[in-house]
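A quick write-up on the structure given underneath.
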Amino acid sequence: MEKRTTEQSSLYDHLDRMSTGELLSAINTEDRTVPVAVAGAIPQIERLVDGIVERVSRGGRVFYLGAGTSGRLGVVDASEIPPTYGVRDVFIGLMAGGDKAMRNAVEGAEDSLTGGWEDMLPFNPGPDDVLVGIAASGTTPYVIGALDTARSNGLLTGCITCNEGSPAAAAAEIPIVVVVGPEFVTGSTRMKAGTAQKLVLNMISTASMIRLGHVKGSKMIDMQLTNHKLVDRGTRMIMEETGIEDYDYARSLLLGHGSVREAVMFHQSKTSRV
């Protein structure tokens, strides 16, 4: 059987003899190939985003499911949605071995064909939901089993993988296959494959949130006000949007209403009555 692309030998040899500068330049050279590979998958990413927007609009959710690096990337992307867009419990990241696997490997967790779907069951998944399986190799049983079961239960299924002809791609309705070639360190898929997966996840969640109305112009109008930097950013967004010149007044509007969206709506409704 032909060796999977993600397991093929590095294009570079004698890494242990390279200087620091040579190592960094070579890694950077390889990394620059990743966005080109991702660009080739945009039609499939578009299909998945459109499916997500349709289902979330009627109350559905998006589950990211993976193991190891792939699982961690999904959890990280999902965890960024509430503070960035003010939306909770829409993007849900799950990984083999649970939360403790974010920091430490949990032996054998990814080898269970039933484990992925079992981890989803407490959320009562249904036909309006979406499952995105994340597996660089495309052979992770935890992901493949969940994709098969989710699809048979009417969920929209997609996957992000870096090998052609993988079982995960065959199991998903919308496979996103980004072939980035052999890793700089042979088999270390946290590198180019991980970067590709992160880029795709960024595209999926960001495009979905924009399409669902959480961005106006280029501004995050529903972001959570969790620190001084974000309060300042939100205040300046209100000033730009409304023409208010008094920083303190704009800030008070923001803090009083809790979001840029609500503050702007309040101000516009108030001025329209004048």
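Starting from 1 in every chain, residues are counted up; chains themselves are A, B, ... following the order of the structure tokens, and ligands are numbered from 1 as listed.
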
Region 243-252 of chain A: which residues within 10 Å, counting only C-alpha atoms, same-chain residues fewer than 2 positions away excluded, as a PyMOL selection string? chain A and resi 231-241+254-258+260+263-264+267

Save out the residues we just selected, C-alpha atoms, as an mmCIF file, in the first residue's frame.
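Final file, result-v5.cif:
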data_model
loop_
_atom_site.group_PDB
_atom_site.id
_atom_site.type_symbol
_atom_site.label_atom_id
_atom_site.label_comp_id
_atom_site.auth_asym_id
_atom_site.auth_seq_id
_atom_site.Cartn_x
_atom_site.Cartn_y
_atom_site.Cartn_z
ATOM 1 C CA VAL A 231 -13.706 48.228 25.523
ATOM 2 C CA ASP A 232 -11.516 50.842 23.843
ATOM 3 C CA ARG A 233 -11.915 49.155 20.467
ATOM 4 C CA GLY A 234 -15.686 48.988 20.881
ATOM 5 C CA THR A 235 -15.858 52.626 21.945
ATOM 6 C CA ARG A 236 -13.991 53.751 18.837
ATOM 7 C CA MET A 237 -16.206 51.548 16.663
ATOM 8 C CA ILE A 238 -19.284 53.310 18.069
ATOM 9 C CA MET A 239 -17.733 56.718 17.442
ATOM 10 C CA GLU A 240 -16.903 55.781 13.853
ATOM 11 C CA GLU A 241 -20.325 54.314 13.161
ATOM 12 C CA LEU A 254 -21.039 50.659 25.133
ATOM 13 C CA LEU A 255 -20.819 49.648 28.778
ATOM 14 C CA GLY A 256 -24.479 50.439 29.352
ATOM 15 C CA HIS A 257 -25.726 48.305 26.478
ATOM 16 C CA GLY A 258 -23.090 45.574 26.501
ATOM 17 C CA VAL A 260 -21.393 47.722 19.886
ATOM 18 C CA ALA A 263 -25.209 50.732 21.667
ATOM 19 C CA VAL A 264 -25.394 51.840 18.032
ATOM 20 C CA HIS A 267 -28.183 55.809 19.688
#

Nearby residues (only C-alpha atoms) at most 6 Å from region 85-93 of chain A, same-chain spacing under 6 positions excluded, as a VMD selection string: chain A and resid 61 to 64 74 to 75 78 222 to 224

Per residue of region 167-217 of chain A within 12 Å of region 40-49 of chain A, which atom pair is closest and at what distance in Å (one decimal), using only C-alpha atoms, listed by chain and increasing number, as a tab-separated table?
residue	atom	partner	partner_atom	distance
A:Ala169	CA	A:Gln44	CA	11.7
A:Ala172	CA	A:Leu48	CA	10.9
A:Glu173	CA	A:Leu48	CA	9.3
A:Ile174	CA	A:Gln44	CA	6.5
A:Pro175	CA	A:Gln44	CA	7.0
A:Ile176	CA	A:Gln44	CA	5.8
A:Val177	CA	A:Ala41	CA	6.6
A:Val178	CA	A:Ala41	CA	6.4
A:Val179	CA	A:Gly40	CA	9.4
A:Val180	CA	A:Gly40	CA	10.9
A:Ala196	CA	A:Ala41	CA	10.6
A:Gln197	CA	A:Ala41	CA	11.4
A:Leu199	CA	A:Ile45	CA	11.0
A:Val200	CA	A:Ile45	CA	7.6
A:Leu201	CA	A:Ile45	CA	9.4
A:Asn202	CA	A:Ile45	CA	10.8
A:Met203	CA	A:Ile45	CA	7.9
A:Ile204	CA	A:Val49	CA	5.8
A:Ser205	CA	A:Val49	CA	8.0
A:Thr206	CA	A:Val49	CA	9.4
A:Ala207	CA	A:Val49	CA	6.9
A:Ser208	CA	A:Val49	CA	5.8
A:Met209	CA	A:Val49	CA	9.6
A:Ile210	CA	A:Val49	CA	10.6
A:Arg211	CA	A:Val49	CA	8.9
A:Leu212	CA	A:Val49	CA	10.5

Write out as number ranges by chain each polymer residue whose atoms come within 7 Å of region 183-195 of chain A, counting only C-alpha atoms; drop sequence neighbours fewer than 3 positions from it. A: 6-12, 27, 31, 34, 69-70, 136, 162, 180, 198-199

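Interatomic distance, CA of His214 (chain A) to CA of His228 (chain A): 21.0 Å.
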
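Closest approach to Leu65 (chain A) among A:Glu118, A:Glu22, A:Asp13, A:Glu164: A:Glu118, based on only C-alpha atoms.
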
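Closest to Ile144 (chain A) among A:Val130, A:Leu113, A:Met120, A:Ile160 is A:Leu113, based on only C-alpha atoms.
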
Take CA of Arg55 (chain A) and CA of Ala146 (chain A) and report the distance between them in Å, one decimal.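 If I compute the distance from CA of Arg55 (chain A) to CA of Ala146 (chain A), I get 18.8 Å.
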
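These are the residues of region 52-259 of chain A assigned strand (DSSP E or B) by DSSP from backbone coordinates: Val62, Phe63, Tyr64, Leu65, Gly66, Phe91, Ile92, Gly93, Leu94, Met95, Val130, Leu131, Val132, Gly133, Ile134, Leu156, Thr157, Gly158, Cys159, Ile160, Thr161, Ile174, Pro175, Ile176, Val177, Val215, Lys216, Lys219 and Met220 of chain A.
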
Mind checking DSSP for region 119-265 of chain A and telling me the helix (DSSP H, G or I) residues as a PyMOL selection string? chain A and resi 119-123+141-152+167-171+192-211+228-242+247-257+260-265

Which of A:Gly133, A:Gly60, A:Gly138, A:Pro122 sits closest to Leu73 (chain A) [using only C-alpha atoms]: A:Gly133

Given only C-alpha atoms as the basis, pick out the residue of A:Met220, A:Val38, A:Leu94, A:Leu156 nearest to Glu54 (chain A).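 Ranking A:Met220, A:Val38, A:Leu94, A:Leu156 by distance to Glu54 (chain A), first place goes to A:Leu156.
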